[in-house]
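All remarks here apply to the structure that follows.
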Amino acid sequence: MTKRWLTLGAVVLAVATGALSASAASATDPLTLDSGYVTDQADVLSPAEEEQVESRLQELTDNSSADLFVVLVDDFTDPSDSVDWADQVANDNRLGPDQYLLAIAVDGRSLYISADSSGPLSDGRIAAIEDAIAPLAGDGDWVGAITLAADEIQ
C-alpha cells in the first residue's frame, strides 16, 4: 500500500467543532471487517444510516469495478498512525487492487483511504477524495463522508 497523509488536526478541529467529549475514546486495534461494506465499531451510525450507506456501497460495486469498505472506530491503536492502521486492516483482510478501505477514527478525527498502488485510482485521486470528504467527517457527517467517497470513486 502506498503512503499518503491526511491529518485533520485532531485537537484543533475537535475544539473548533466542540467535538471533545468528557469520556475517553476507546482505541481500536486493526480488525476483521464485518460481512457487509461497513464495520461501525464506533457505533455512530443508526440502523437506517447503516442501511443507507450499505446500499450506496453496493451500488458502487454494481456500477463500477471498485469496492469501498468502511471502518468507523473511536481511535486507531497498535498502530496509532491512520496510514499504518488502515493499510494493516486492508492487508489483513486481503483487499485487492480494486478494493478500497476508508478508515475513520471518529474521536481522533482522522481518516485515510487505503489503496493498492496497482489499483485504478492514482495516489493523487485518492488524496483528492480524502480532501473532499475531510470537512464532512470533521463535522461528524459520517453518511455524507461515506457517500461522497463512493461518488468520487465511482
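Naming scheme: A, B, ... for chains in displayed order of the C-alpha cells; residues 1 onward per chain; ligands 1 onward as shown.
Counting only C-alpha atoms, stretch 123-129 of chain A has the following residues at most 7 Å away, ignoring those fewer than 4 positions along the same chain: Arg4, Ile113, Ile133, Ala149 and Glu152 of chain A.
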Taking the chain letters and numbering used in this document, name the residues of stretch 26-103 of chain A that DSSP puts in strand (DSSP E or B), as a PyMOL selection string. chain A and resi 27-28+38-40+67-73+75-76+99-103
Report as an MDAnalysis selection string all protein, DNA and RNA residues lying within 10 Å of A:Val71, evaluated on only C-alpha atoms, omitting residues in the same chain fewer than 3 positions from it. chainID A and resid 30:34 37:42 86 89 101:105 111
Can I get the selection written as a PDB file, in the first residue's frame, with C-alpha atoms?
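again_15.pdb was written with the following content:
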```pdb
ATOM      1  CA  PRO A  30      -6.765  -3.387  13.454  1.00  0.00           C
ATOM      2  CA  LEU A  31      -9.781  -5.634  12.989  1.00  0.00           C
ATOM      3  CA  THR A  32     -11.537  -8.108  10.748  1.00  0.00           C
ATOM      4  CA  LEU A  33     -14.136  -6.490   8.507  1.00  0.00           C
ATOM      5  CA  ASP A  34     -17.801  -7.311   9.046  1.00  0.00           C
ATOM      6  CA  TYR A  37     -19.243  -2.998   3.435  1.00  0.00           C
ATOM      7  CA  VAL A  38     -19.487  -1.110   6.746  1.00  0.00           C
ATOM      8  CA  THR A  39     -17.877  -2.020  10.060  1.00  0.00           C
ATOM      9  CA  ASP A  40     -19.124   0.505  12.618  1.00  0.00           C
ATOM     10  CA  GLN A  41     -17.157  -0.253  15.785  1.00  0.00           C
ATOM     11  CA  ALA A  42     -17.730   3.335  17.000  1.00  0.00           C
ATOM     12  CA  ALA A  86      -5.754   1.279   7.551  1.00  0.00           C
ATOM     13  CA  VAL A  89      -6.611  -3.754   8.046  1.00  0.00           C
ATOM     14  CA  LEU A 101     -10.737   0.873   2.631  1.00  0.00           C
ATOM     15  CA  LEU A 102     -11.928   4.121   4.176  1.00  0.00           C
ATOM     16  CA  ALA A 103     -10.834   4.093   7.824  1.00  0.00           C
ATOM     17  CA  ILE A 104     -12.266   6.799  10.085  1.00  0.00           C
ATOM     18  CA  ALA A 105     -11.343   7.444  13.727  1.00  0.00           C
ATOM     19  CA  LEU A 111      -9.198   9.300   8.218  1.00  0.00           C
TER      20      LEU A 111
END
```
Mind checking which residues fall within 12 Å of A:Leu68, counting only C-alpha atoms, ignoring those fewer than 5 positions away in the same chain, and posting them as an MDAnalysis selection string? chainID A and resid 33 36:39 53:62 90 95:103 113:115 146:154
Just the selected residues (C-alpha atoms), exported as a compact mmCIF listing (two decimals), in the first residue's frame, please.
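Saved the output as out30.txt:
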```
# COMPACT_ATOMS: atom_id res chain seq x y z
CA LEU A 33 -14.14 -6.49 8.51
CA GLY A 36 -21.01 -6.10 4.65
CA TYR A 37 -19.24 -3.00 3.44
CA VAL A 38 -19.49 -1.11 6.75
CA THR A 39 -17.88 -2.02 10.06
CA VAL A 53 -24.56 3.55 3.19
CA GLU A 54 -24.54 -0.23 2.65
CA SER A 55 -26.97 0.34 -0.22
CA ARG A 56 -24.78 3.08 -1.71
CA LEU A 57 -21.66 0.95 -1.42
CA GLN A 58 -23.44 -1.99 -3.07
CA GLU A 59 -24.47 0.38 -5.87
CA LEU A 60 -20.80 1.38 -6.28
CA THR A 61 -19.84 -2.29 -6.62
CA ASP A 62 -22.68 -2.95 -9.09
CA ALA A 90 -6.64 -3.82 4.22
CA LEU A 95 -8.31 -6.46 -0.12
CA GLY A 96 -7.33 -6.41 -3.78
CA PRO A 97 -6.27 -3.65 -6.18
CA ASP A 98 -9.88 -2.62 -6.94
CA GLN A 99 -10.90 -2.61 -3.28
CA TYR A 100 -10.51 0.47 -1.12
CA LEU A 101 -10.74 0.87 2.63
CA LEU A 102 -11.93 4.12 4.18
CA ALA A 103 -10.83 4.09 7.82
CA ILE A 113 -8.22 5.65 2.32
CA SER A 114 -6.04 2.60 1.93
CA ALA A 115 -5.45 1.78 -1.73
CA ILE A 146 -19.01 7.81 3.04
CA THR A 147 -21.48 8.69 0.29
CA LEU A 148 -19.18 11.34 -1.19
CA ALA A 149 -16.26 8.88 -1.13
CA ALA A 150 -18.37 6.35 -3.04
CA ASP A 151 -19.50 9.02 -5.51
CA GLU A 152 -15.91 10.13 -6.12
CA ILE A 153 -14.62 6.58 -6.57
CA GLN A 154 -17.41 5.74 -9.00
```
For each of A:Asp141, A:Asp43, A:Asp87, A:Asp81, take the minimum atom-to-atom distance to A:Ser117, counting only C-alpha atoms, then give the residue where this is smallest.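 Of A:Asp141, A:Asp43, A:Asp87, A:Asp81, the one nearest A:Ser117 is A:Asp87, counting only C-alpha atoms.
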My list of candidates is A:Val83, A:Glu130, A:Val70, A:Ser64. Which is closest to A:Ser35 when distances are computed with only C-alpha atoms? A:Val70
With DSSP run on the backbone, what are the alpha helix (DSSP H) residues within stretch 10-149 of chain A? I'd like them as a ChimeraX atom specification. /A:10-17,47-63,82-92,123-138,142-149
Atom-to-atom span, atom CA of A:Val44 and atom CA of A:Asp75, Å: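 Taking atom CA of A:Val44 as the start and atom CA of A:Asp75 as the end point, the length is 12.8 Å.
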Atom CA of A:Val73 to atom CA of A:Tyr112, distance in Å rounded to a single decimal: 12.3 Å
